[in-house]
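Enquirer: My structure is in work_37.cif, and what it holds is mmCIF, C-alpha atoms, pLDDT in the B column; chains and numbers go by the auth columns:
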```
data_entry
loop_
_atom_site.group_PDB
_atom_site.id
_atom_site.type_symbol
_atom_site.label_atom_id
_atom_site.label_comp_id
_atom_site.label_asym_id
_atom_site.label_seq_id
_atom_site.Cartn_x
_atom_site.Cartn_y
_atom_site.Cartn_z
_atom_site.B_iso_or_equiv
_atom_site.auth_seq_id
_atom_site.auth_asym_id
ATOM 1 C CA MET A 1 39.764 135.360 144.051 52.00 1 M
ATOM 2 C CA LYS A 2 40.058 131.763 142.876 51.00 2 M
ATOM 3 C CA HIS A 3 39.104 128.978 145.216 52.00 3 M
ATOM 4 C CA ASP A 4 41.297 125.924 145.453 53.00 4 M
ATOM 5 C CA LYS A 5 39.085 122.939 144.543 51.00 5 M
ATOM 6 C CA THR A 6 41.694 120.414 145.641 50.00 6 M
ATOM 7 C CA PRO A 7 40.522 118.386 148.684 51.00 7 M
ATOM 8 C CA SER A 8 41.896 120.256 151.656 53.00 8 M
ATOM 9 C CA ASN A 9 42.048 117.439 154.171 56.00 9 M
ATOM 10 C CA SER A 10 42.156 113.672 154.527 54.00 10 M
ATOM 11 C CA ALA A 11 38.370 113.436 154.965 52.00 11 M
ATOM 12 C CA ASP A 12 37.794 115.072 151.570 53.00 12 M
ATOM 13 C CA ILE A 13 40.369 112.808 149.954 48.00 13 M
ATOM 14 C CA GLY A 14 38.800 109.739 151.553 50.00 14 M
ATOM 15 C CA LEU A 15 35.349 110.759 150.324 47.00 15 M
ATOM 16 C CA ALA A 16 36.646 111.274 146.797 47.00 16 M
ATOM 17 C CA MET A 17 38.334 107.864 146.810 45.00 17 M
ATOM 18 C CA THR A 18 35.200 106.183 148.172 48.00 18 M
ATOM 19 C CA THR A 19 33.080 107.756 145.449 55.00 19 M
ATOM 20 C CA ALA A 20 35.555 106.688 142.773 47.00 20 M
ATOM 21 C CA ASN A 21 35.618 103.131 144.120 48.00 21 M
ATOM 22 C CA ASN A 22 31.828 102.987 144.141 51.00 22 M
ATOM 23 C CA LEU A 23 31.695 104.144 140.539 45.00 23 M
ATOM 24 C CA ARG A 24 34.303 101.585 139.493 50.00 24 M
ATOM 25 C CA GLY A 25 32.333 98.887 141.290 49.00 25 M
ATOM 26 C CA LYS A 26 29.246 99.718 139.239 62.00 26 M
ATOM 27 C CA GLN A 27 31.094 99.510 135.924 83.00 27 M
ATOM 28 C CA SER A 28 29.849 96.788 133.598 88.00 28 M
ATOM 29 C CA VAL A 29 32.258 94.060 132.562 91.00 29 M
ATOM 30 C CA ARG A 30 31.888 90.893 130.520 92.00 30 M
ATOM 31 C CA ALA A 31 32.509 87.589 132.238 92.00 31 M
ATOM 32 C CA THR A 32 32.320 84.126 130.706 94.00 32 M
ATOM 33 C CA PHE A 33 31.284 81.044 132.666 94.00 33 M
ATOM 34 C CA LYS A 34 30.693 77.382 131.892 93.00 34 M
ATOM 35 C CA LEU A 35 27.300 76.525 133.371 93.00 35 M
ATOM 36 C CA PRO A 36 24.666 73.770 133.204 91.00 36 M
ATOM 37 C CA LYS A 37 21.793 74.498 130.844 88.00 37 M
ATOM 38 C CA ASP A 38 19.233 74.681 133.667 86.00 38 M
ATOM 39 C CA THR A 39 21.327 77.358 135.395 89.00 39 M
ATOM 40 C CA ILE A 40 21.449 79.452 132.218 90.00 40 M
ATOM 41 C CA ASP A 41 17.709 78.966 131.731 87.00 41 M
ATOM 42 C CA ALA A 42 16.992 80.001 135.320 88.00 42 M
ATOM 43 C CA VAL A 43 18.861 83.290 134.907 89.00 43 M
ATOM 44 C CA SER A 44 17.122 84.110 131.621 86.00 44 M
ATOM 45 C CA LEU A 45 13.637 83.148 132.748 83.00 45 M
ATOM 46 C CA VAL A 46 13.719 84.831 136.148 84.00 46 M
ATOM 47 C CA ALA A 47 15.131 88.060 134.715 85.00 47 M
ATOM 48 C CA ALA A 48 12.481 88.076 131.982 81.00 48 M
ATOM 49 C CA HIS A 49 9.680 87.165 134.377 77.00 49 M
ATOM 50 C CA LEU A 50 10.623 89.876 136.871 77.00 50 M
ATOM 51 C CA GLY A 51 11.306 92.408 134.134 81.00 51 M
ATOM 52 C CA ILE A 52 14.860 93.155 135.265 86.00 52 M
ATOM 53 C CA LYS A 53 18.233 93.038 133.561 88.00 53 M
ATOM 54 C CA GLN A 54 20.350 89.937 134.010 87.00 54 M
ATOM 55 C CA LYS A 55 23.129 92.210 135.295 87.00 55 M
ATOM 56 C CA SER A 56 20.896 93.361 138.161 88.00 56 M
ATOM 57 C CA LEU A 57 20.006 89.760 138.956 87.00 57 M
ATOM 58 C CA PHE A 58 23.668 88.757 139.042 85.00 58 M
ATOM 59 C CA ASP A 59 24.508 91.723 141.250 84.00 59 M
ATOM 60 C CA HIS A 60 21.812 90.650 143.704 83.00 60 M
ATOM 61 C CA LEU A 61 22.941 87.021 143.769 83.00 61 M
ATOM 62 C CA ILE A 62 26.705 87.403 143.753 78.00 62 M
ATOM 63 C CA ASP A 63 27.509 90.731 145.378 66.00 63 M
ATOM 64 C CA ASP A 64 26.844 89.255 148.806 63.00 64 M
ATOM 65 C CA MET A 65 29.792 87.637 150.549 61.00 65 M
ATOM 66 C CA ASN A 66 27.587 86.487 153.427 66.00 66 M
ATOM 67 C CA ALA A 67 25.461 84.465 151.006 66.00 67 M
ATOM 68 C CA LEU A 68 28.557 83.009 149.369 66.00 68 M
ATOM 69 C CA GLU A 69 29.959 82.174 152.802 68.00 69 M
ATOM 70 C CA SER A 70 26.751 80.301 153.668 68.00 70 M
ATOM 71 C CA MET A 71 27.326 78.043 150.647 65.00 71 M
ATOM 72 C CA LYS A 72 30.806 77.022 151.768 62.00 72 M
ATOM 73 C CA THR A 73 29.799 73.598 153.128 62.00 73 M
ATOM 74 C CA THR A 74 27.695 72.835 150.059 64.00 74 M
ATOM 75 C CA LEU A 75 30.515 73.878 147.754 61.00 75 M
ATOM 76 C CA ASN A 76 32.975 71.618 149.539 58.00 76 M
ATOM 77 C CA LYS A 77 30.655 68.633 149.018 58.00 77 M
ATOM 78 C CA ALA A 78 29.684 69.523 145.461 58.00 78 M
ATOM 79 C CA ASP A 79 30.140 67.076 142.610 56.00 79 M
ATOM 80 C CA ARG A 80 32.495 68.833 140.215 55.00 80 M
ATOM 81 C CA SER A 81 32.540 66.089 137.612 56.00 81 M
ATOM 82 C CA ASN A 82 29.582 67.415 135.615 57.00 82 M
ATOM 83 C CA ASN A 83 30.953 68.054 132.128 59.00 83 M
ATOM 84 C CA LYS A 84 27.612 69.003 130.573 84.00 84 M
ATOM 85 C CA ARG A 85 28.284 72.708 130.670 90.00 85 M
ATOM 86 C CA ILE A 86 27.753 75.489 128.172 92.00 86 M
ATOM 87 C CA GLN A 87 29.969 78.530 127.797 94.00 87 M
ATOM 88 C CA LYS A 88 27.950 81.680 128.448 94.00 88 M
ATOM 89 C CA THR A 89 29.019 85.322 128.633 94.00 89 M
ATOM 90 C CA TYR A 90 27.178 87.755 130.900 92.00 90 M
ATOM 91 C CA VAL A 91 27.458 91.450 131.600 91.00 91 M
ATOM 92 C CA ILE A 92 27.899 91.945 135.345 90.00 92 M
ATOM 93 C CA SER A 93 29.210 94.692 137.583 90.00 93 M
ATOM 94 C CA ARG A 94 32.891 94.865 138.412 90.00 94 M
ATOM 95 C CA ARG A 95 31.986 94.607 142.107 88.00 95 M
ATOM 96 C CA SER A 96 30.223 91.290 141.499 87.00 96 M
ATOM 97 C CA LEU A 97 33.169 90.012 139.495 89.00 97 M
ATOM 98 C CA ASP A 98 35.545 91.034 142.278 90.00 98 M
ATOM 99 C CA SER A 99 33.329 89.230 144.810 85.00 99 M
ATOM 100 C CA LEU A 100 33.451 86.103 142.669 87.00 100 M
ATOM 101 C CA GLU A 101 37.218 86.272 142.343 89.00 101 M
ATOM 102 C CA GLN A 102 37.617 86.738 146.087 87.00 102 M
ATOM 103 C CA ALA A 103 35.219 83.901 146.925 84.00 103 M
ATOM 104 C CA SER A 104 36.921 81.648 144.398 86.00 104 M
ATOM 105 C CA LYS A 105 40.205 82.058 146.248 88.00 105 M
ATOM 106 C CA VAL A 106 38.677 81.767 149.721 82.00 106 M
ATOM 107 C CA PHE A 107 36.699 78.598 148.933 81.00 107 M
ATOM 108 C CA ASN A 108 39.283 77.175 146.531 84.00 108 M
ATOM 109 C CA THR A 109 36.630 76.576 143.893 84.00 109 M
ATOM 110 C CA SER A 110 35.864 77.784 140.399 88.00 110 M
ATOM 111 C CA ARG A 111 33.849 80.866 139.538 90.00 111 M
ATOM 112 C CA ASP A 112 31.581 78.611 137.482 91.00 112 M
ATOM 113 C CA LEU A 113 30.564 76.564 140.501 89.00 113 M
ATOM 114 C CA LEU A 114 30.033 79.695 142.577 88.00 114 M
ATOM 115 C CA VAL A 115 27.691 81.125 139.952 90.00 115 M
ATOM 116 C CA GLU A 116 25.857 77.817 139.619 89.00 116 M
ATOM 117 C CA PHE A 117 25.193 77.550 143.347 86.00 117 M
ATOM 118 C CA SER A 118 24.300 81.231 143.607 85.00 118 M
ATOM 119 C CA VAL A 119 21.660 80.801 140.917 87.00 119 M
ATOM 120 C CA GLN A 120 20.289 77.756 142.733 85.00 120 M
ATOM 121 C CA ARG A 121 19.104 80.185 145.401 82.00 121 M
ATOM 122 C CA LEU A 122 16.467 81.204 142.847 83.00 122 M
ATOM 123 C CA LEU A 123 14.943 77.736 142.611 84.00 123 M
ATOM 124 C CA PRO A 124 12.629 77.999 145.666 87.00 124 M
ATOM 125 C CA MET A 125 11.311 81.315 144.364 83.00 125 M
ATOM 126 C CA ILE A 126 10.804 79.802 140.913 85.00 126 M
ATOM 127 C CA GLU A 127 8.852 76.889 142.379 88.00 127 M
ATOM 128 C CA ILE A 128 6.623 79.217 144.411 89.00 128 M
ATOM 129 C CA GLU A 129 5.973 81.349 141.346 87.00 129 M
ATOM 130 C CA ARG A 130 5.224 78.239 139.282 88.00 130 M
ATOM 131 C CA GLN A 131 2.586 77.198 141.826 92.00 131 M
ATOM 132 C CA GLN A 132 1.118 80.708 141.789 93.00 132 M
ATOM 133 C CA HIS A 133 1.010 80.584 138.007 92.00 133 M
ATOM 134 C CA GLU A 134 -0.968 77.332 138.059 94.00 134 M
ATOM 135 C CA LYS A 135 -3.440 78.842 140.536 96.00 135 M
ATOM 136 C CA ARG A 136 -3.846 81.911 138.306 96.00 136 M
ATOM 137 C CA LYS A 137 -4.671 79.613 135.395 96.00 137 M
ATOM 138 C CA GLU A 138 -7.375 77.958 137.497 97.00 138 M
ATOM 139 C CA VAL A 139 -8.782 81.366 138.449 97.00 139 M
ATOM 140 C CA LEU A 140 -8.789 82.401 134.791 97.00 140 M
ATOM 141 C CA SER A 141 -10.730 79.283 133.844 97.00 141 M
ATOM 142 C CA ALA A 142 -13.320 79.938 136.562 98.00 142 M
ATOM 143 C CA LEU A 143 -13.504 83.611 135.614 97.00 143 M
ATOM 144 C CA HIS A 144 -14.143 82.702 131.993 98.00 144 M
ATOM 145 C CA CYS A 145 -17.114 80.582 133.051 98.00 145 M
ATOM 146 C CA GLN A 146 -18.469 83.473 135.108 97.00 146 M
ATOM 147 C CA THR A 147 -18.030 85.852 132.173 97.00 147 M
ATOM 148 C CA VAL A 148 -19.924 83.545 129.829 97.00 148 M
ATOM 149 C CA THR A 149 -22.704 83.081 132.401 97.00 149 M
ATOM 150 C CA ALA A 150 -23.007 86.839 132.972 97.00 150 M
ATOM 151 C CA LYS A 151 -23.211 87.498 129.237 97.00 151 M
ATOM 152 C CA GLN A 152 -25.907 84.858 128.830 97.00 152 M
ATOM 153 C CA LEU A 153 -27.861 86.357 131.748 97.00 153 M
ATOM 154 C CA TRP A 154 -27.609 89.827 130.201 97.00 154 M
ATOM 155 C CA GLN A 155 -28.891 88.546 126.849 97.00 155 M
ATOM 156 C CA LYS A 156 -31.789 86.746 128.565 97.00 156 M
ATOM 157 C CA THR A 157 -32.649 89.845 130.605 97.00 157 M
ATOM 158 C CA CYS A 158 -32.636 92.027 127.506 97.00 158 M
ATOM 159 C CA LEU A 159 -35.068 89.667 125.784 97.00 159 M
ATOM 160 C CA GLU A 160 -37.435 89.683 128.749 96.00 160 M
ATOM 161 C CA LEU A 161 -37.130 93.290 129.983 96.00 161 M
ATOM 162 C CA GLY A 162 -35.626 95.162 127.046 96.00 162 M
ATOM 163 C CA ASP A 163 -32.183 96.713 126.512 92.00 163 M
ATOM 164 C CA ASN A 164 -33.065 99.981 128.244 94.00 164 M
ATOM 165 C CA ASP A 165 -34.472 98.479 131.416 96.00 165 M
ATOM 166 C CA PHE A 166 -32.623 99.449 134.610 96.00 166 M
ATOM 167 C CA VAL A 167 -31.893 95.809 135.490 96.00 167 M
ATOM 168 C CA SER A 168 -30.636 95.042 131.977 96.00 168 M
ATOM 169 C CA GLU A 169 -28.284 98.010 132.119 96.00 169 M
ATOM 170 C CA LYS A 170 -26.853 97.006 135.503 97.00 170 M
ATOM 171 C CA ILE A 171 -26.290 93.417 134.398 97.00 171 M
ATOM 172 C CA ALA A 172 -24.606 94.757 131.257 97.00 172 M
ATOM 173 C CA VAL A 173 -22.205 96.753 133.453 97.00 173 M
ATOM 174 C CA ALA A 174 -21.439 93.679 135.556 97.00 174 M
ATOM 175 C CA ALA A 175 -20.909 91.504 132.480 97.00 175 M
ATOM 176 C CA LYS A 176 -18.579 94.101 130.964 97.00 176 M
ATOM 177 C CA ALA A 177 -16.588 94.329 134.199 97.00 177 M
ATOM 178 C CA LEU A 178 -16.124 90.552 134.221 97.00 178 M
ATOM 179 C CA GLU A 179 -15.036 90.654 130.584 97.00 179 M
ATOM 180 C CA VAL A 180 -12.413 93.302 131.347 97.00 180 M
ATOM 181 C CA ALA A 181 -11.216 91.386 134.412 97.00 181 M
ATOM 182 C CA GLU A 182 -10.885 88.204 132.361 98.00 182 M
ATOM 183 C CA ARG A 183 -8.796 89.999 129.755 97.00 183 M
ATOM 184 C CA LEU A 184 -6.451 91.449 132.386 97.00 184 M
ATOM 185 C CA VAL A 185 -6.047 88.126 134.177 97.00 185 M
ATOM 186 C CA ALA A 186 -5.426 86.402 130.830 97.00 186 M
ATOM 187 C CA GLU A 187 -2.631 88.889 130.106 95.00 187 M
ATOM 188 C CA CYS A 188 -1.100 88.155 133.507 92.00 188 M
ATOM 189 C CA VAL A 189 -1.262 84.405 132.883 93.00 189 M
ATOM 190 C CA GLU A 190 0.253 84.800 129.425 92.00 190 M
ATOM 191 C CA GLN A 191 3.174 86.786 130.826 85.00 191 M
ATOM 192 C CA GLY A 192 3.714 84.085 133.421 84.00 192 M
ATOM 193 C CA ARG A 193 3.883 81.242 130.906 85.00 193 M
ATOM 194 C CA ILE A 194 7.622 81.778 130.633 80.00 194 M
ATOM 195 C CA ILE A 195 7.964 80.145 134.054 83.00 195 M
ATOM 196 C CA GLU A 196 6.528 76.924 132.589 80.00 196 M
ATOM 197 C CA ALA A 197 9.564 76.536 130.342 70.00 197 M
ATOM 198 C CA LEU A 198 12.017 76.038 133.198 65.00 198 M
ATOM 199 C CA GLY A 199 12.533 72.368 133.871 53.00 199 M
ATOM 200 C CA SER A 200 10.140 71.296 131.122 53.00 200 M
ATOM 201 C CA ASP A 201 12.802 69.380 129.203 50.00 201 M
#
```
Using structure tokens, write down the structure that the file contains.
Expert:
Amino acid sequence: MKHDKTPSNSADIGLAMTTANNLRGKQSVRATFKLPKDTIDAVSLVAAHLGIKQKSLFDHLIDDMNALESMKTTLNKADRSNNKRIQKTYVISRRSLDSLEQASKVFNTSRDLLVEFSVQRLLPMIEIERQQHEKRKEVLSALHCQTVTAKQLWQKTCLELGDNDFVSEKIAVAAKALEVAERLVAECVEQGRIIEALGSD
């Protein structure tokens, strides 16, 4: 006996429609905006620094009507005369694009300005991360000094006690651990150097 797979009631139909709408909302679409260079740089640098796709970053920033609503006063007072804008195409979700279109009508402003002010929400995070990056560089410098000192101590101990002495071996382990730690911290600092580029012009 064959079973009818057609939704048998309104609840099933509603669930099917909800699922379809969710899938459509996650579809990727291309959208072109005219944005200031620092806005474009912020999107690229933050996405690269966090190791996420720009699409995911846009979804987080734009697909939030409450956040867009909170910018209403700022948008109304915004200077819209800035002509130094660059055309840039991004891949974003259809849901984010729909949110932009809706907000554009509600606030009577362009999608470009909405994107620009949404991205500005990243600036405090960027500044905090920049400060953290500078502190990591200071730690790396101090760690390098400690590594050099430990290596010198190990060499001195080996000369006085011999390579196979218990103390020499333990200092060798400590010196090696510092060397490994320095390499790992250096890699972290190198990855973070991308944050230095933002606002360096």
Enquirer: When you draw a straight line from atom CA of M:Val139 to atom CA of M:Ala47, how long is it in Å?
Expert: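 Between atom CA of M:Val139 and atom CA of M:Ala47 the gap works out to 25.1 Å.
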Enquirer: Point out the residue among M:Phe166, M:Phe117, M:Phe107, M:Tyr90 with the least atom-to-atom distance to M:Ser28, counting only C-alpha atoms.
Expert: M:Tyr90
Enquirer: Rounded to one decimal in Å, what is the spacing between atom CA of M:Val180 and atom CA of M:Leu143?
Expert: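 Atom-to-atom, atom CA of M:Val180 to atom CA of M:Leu143, that is 10.6 Å.
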Enquirer: Go through M:Ile52, M:Leu61, M:Ile86, M:Val91 and flag the residue nearest M:Arg30, using only C-alpha atoms for the distances.
Expert: M:Val91
Enquirer: One number please: atom CA of M:Gln191 to atom CA of M:Asp38, in Å, one decimal.
Expert: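 Spanning atom CA of M:Gln191 to atom CA of M:Asp38 is a straight-line distance of 20.3 Å.
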Enquirer: Here is a test: counting only C-alpha atoms, which residue of M:Val167, M:Val29, M:Leu184, M:Leu122 is nearest to M:Leu45?
Expert: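 Going through M:Val167, M:Val29, M:Leu184, M:Leu122 one by one, the smallest distance to M:Leu45 is for M:Leu122.
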Enquirer: Please provide as a VMD selection string all residues within 10 Å of M:Ser110, with the sequence filter that same-chain residues fewer than 4 positions apart are discarded (counting all atoms listed in the file).
Expert: chain M and resid 33 to 34 75 80 100 to 101 103 to 105 114 to 115
Enquirer: Convert the output of the PyMOL selection byres ((chain M and resi 188) around 12) on the shown file into explicit residues, formatted as a list in words.
Expert: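 For this structure, the PyMOL selection byres ((chain M and resi 188) around 12) resolves to His49, Gln132, His133, Glu134, Lys135, Arg136, Lys137, Val139, Leu140, Ala181, Glu182, Arg183, Leu184, Val185, Ala186, Glu187, Val189, Glu190, Gln191, Gly192, Arg193 and Ile194 of chain M.
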Enquirer: Hey, what comes out of the PyMOL selection byres ((chain M and resi 121) around 12) on this file? Could you write it as JSON, numbers by chain?
Expert: {"M": [39, 42, 43, 46, 57, 58, 60, 61, 62, 67, 68, 70, 71, 114, 115, 116, 117, 118, 119, 120, 122, 123, 124, 125, 126, 127]}
Enquirer: As AutoDock Vina command-line options, what would the box around stretch 28-34 of chain M look like: edges along x, y and z, 5 Å added on every side, centre and edge lengths in Å to one decimal?
Expert:
```
--center_x 31.2 --center_y 87.1 --center_z 132.1 --size_x 12.7 --size_y 29.4 --size_z 13.1
```
Enquirer: When the PyMOL selection byres ((chain M and resi 171) around 9) is applied to the file above, which residues end up in the set, as a ChimeraX atom specification?
Expert: /M:150-151,153-154,157,166-170,172-176
Enquirer: Calculated over only C-alpha atoms, which of the candidates M:Gln146, M:Lys53, M:Arg111, M:Ala177 has the smallest distance to M:Leu97?
Expert: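 Ranking M:Gln146, M:Lys53, M:Arg111, M:Ala177 by distance to M:Leu97, first place goes to M:Arg111.
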Enquirer: In terms of the shortest atom-to-atom distance over all atoms listed in the file, which of M:Glu129, M:Cys145, M:Leu178, M:Ala197 is closest to M:Leu50?
Expert: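 Under the stated criterion, the closest residue is M:Glu129.
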Enquirer: Could you check the closest approach to M:His144 for each of M:Asp41, M:Glu196, M:Glu179, M:Thr32 and tell me which residue wins, using all atoms listed in the file?
Expert: M:Glu179
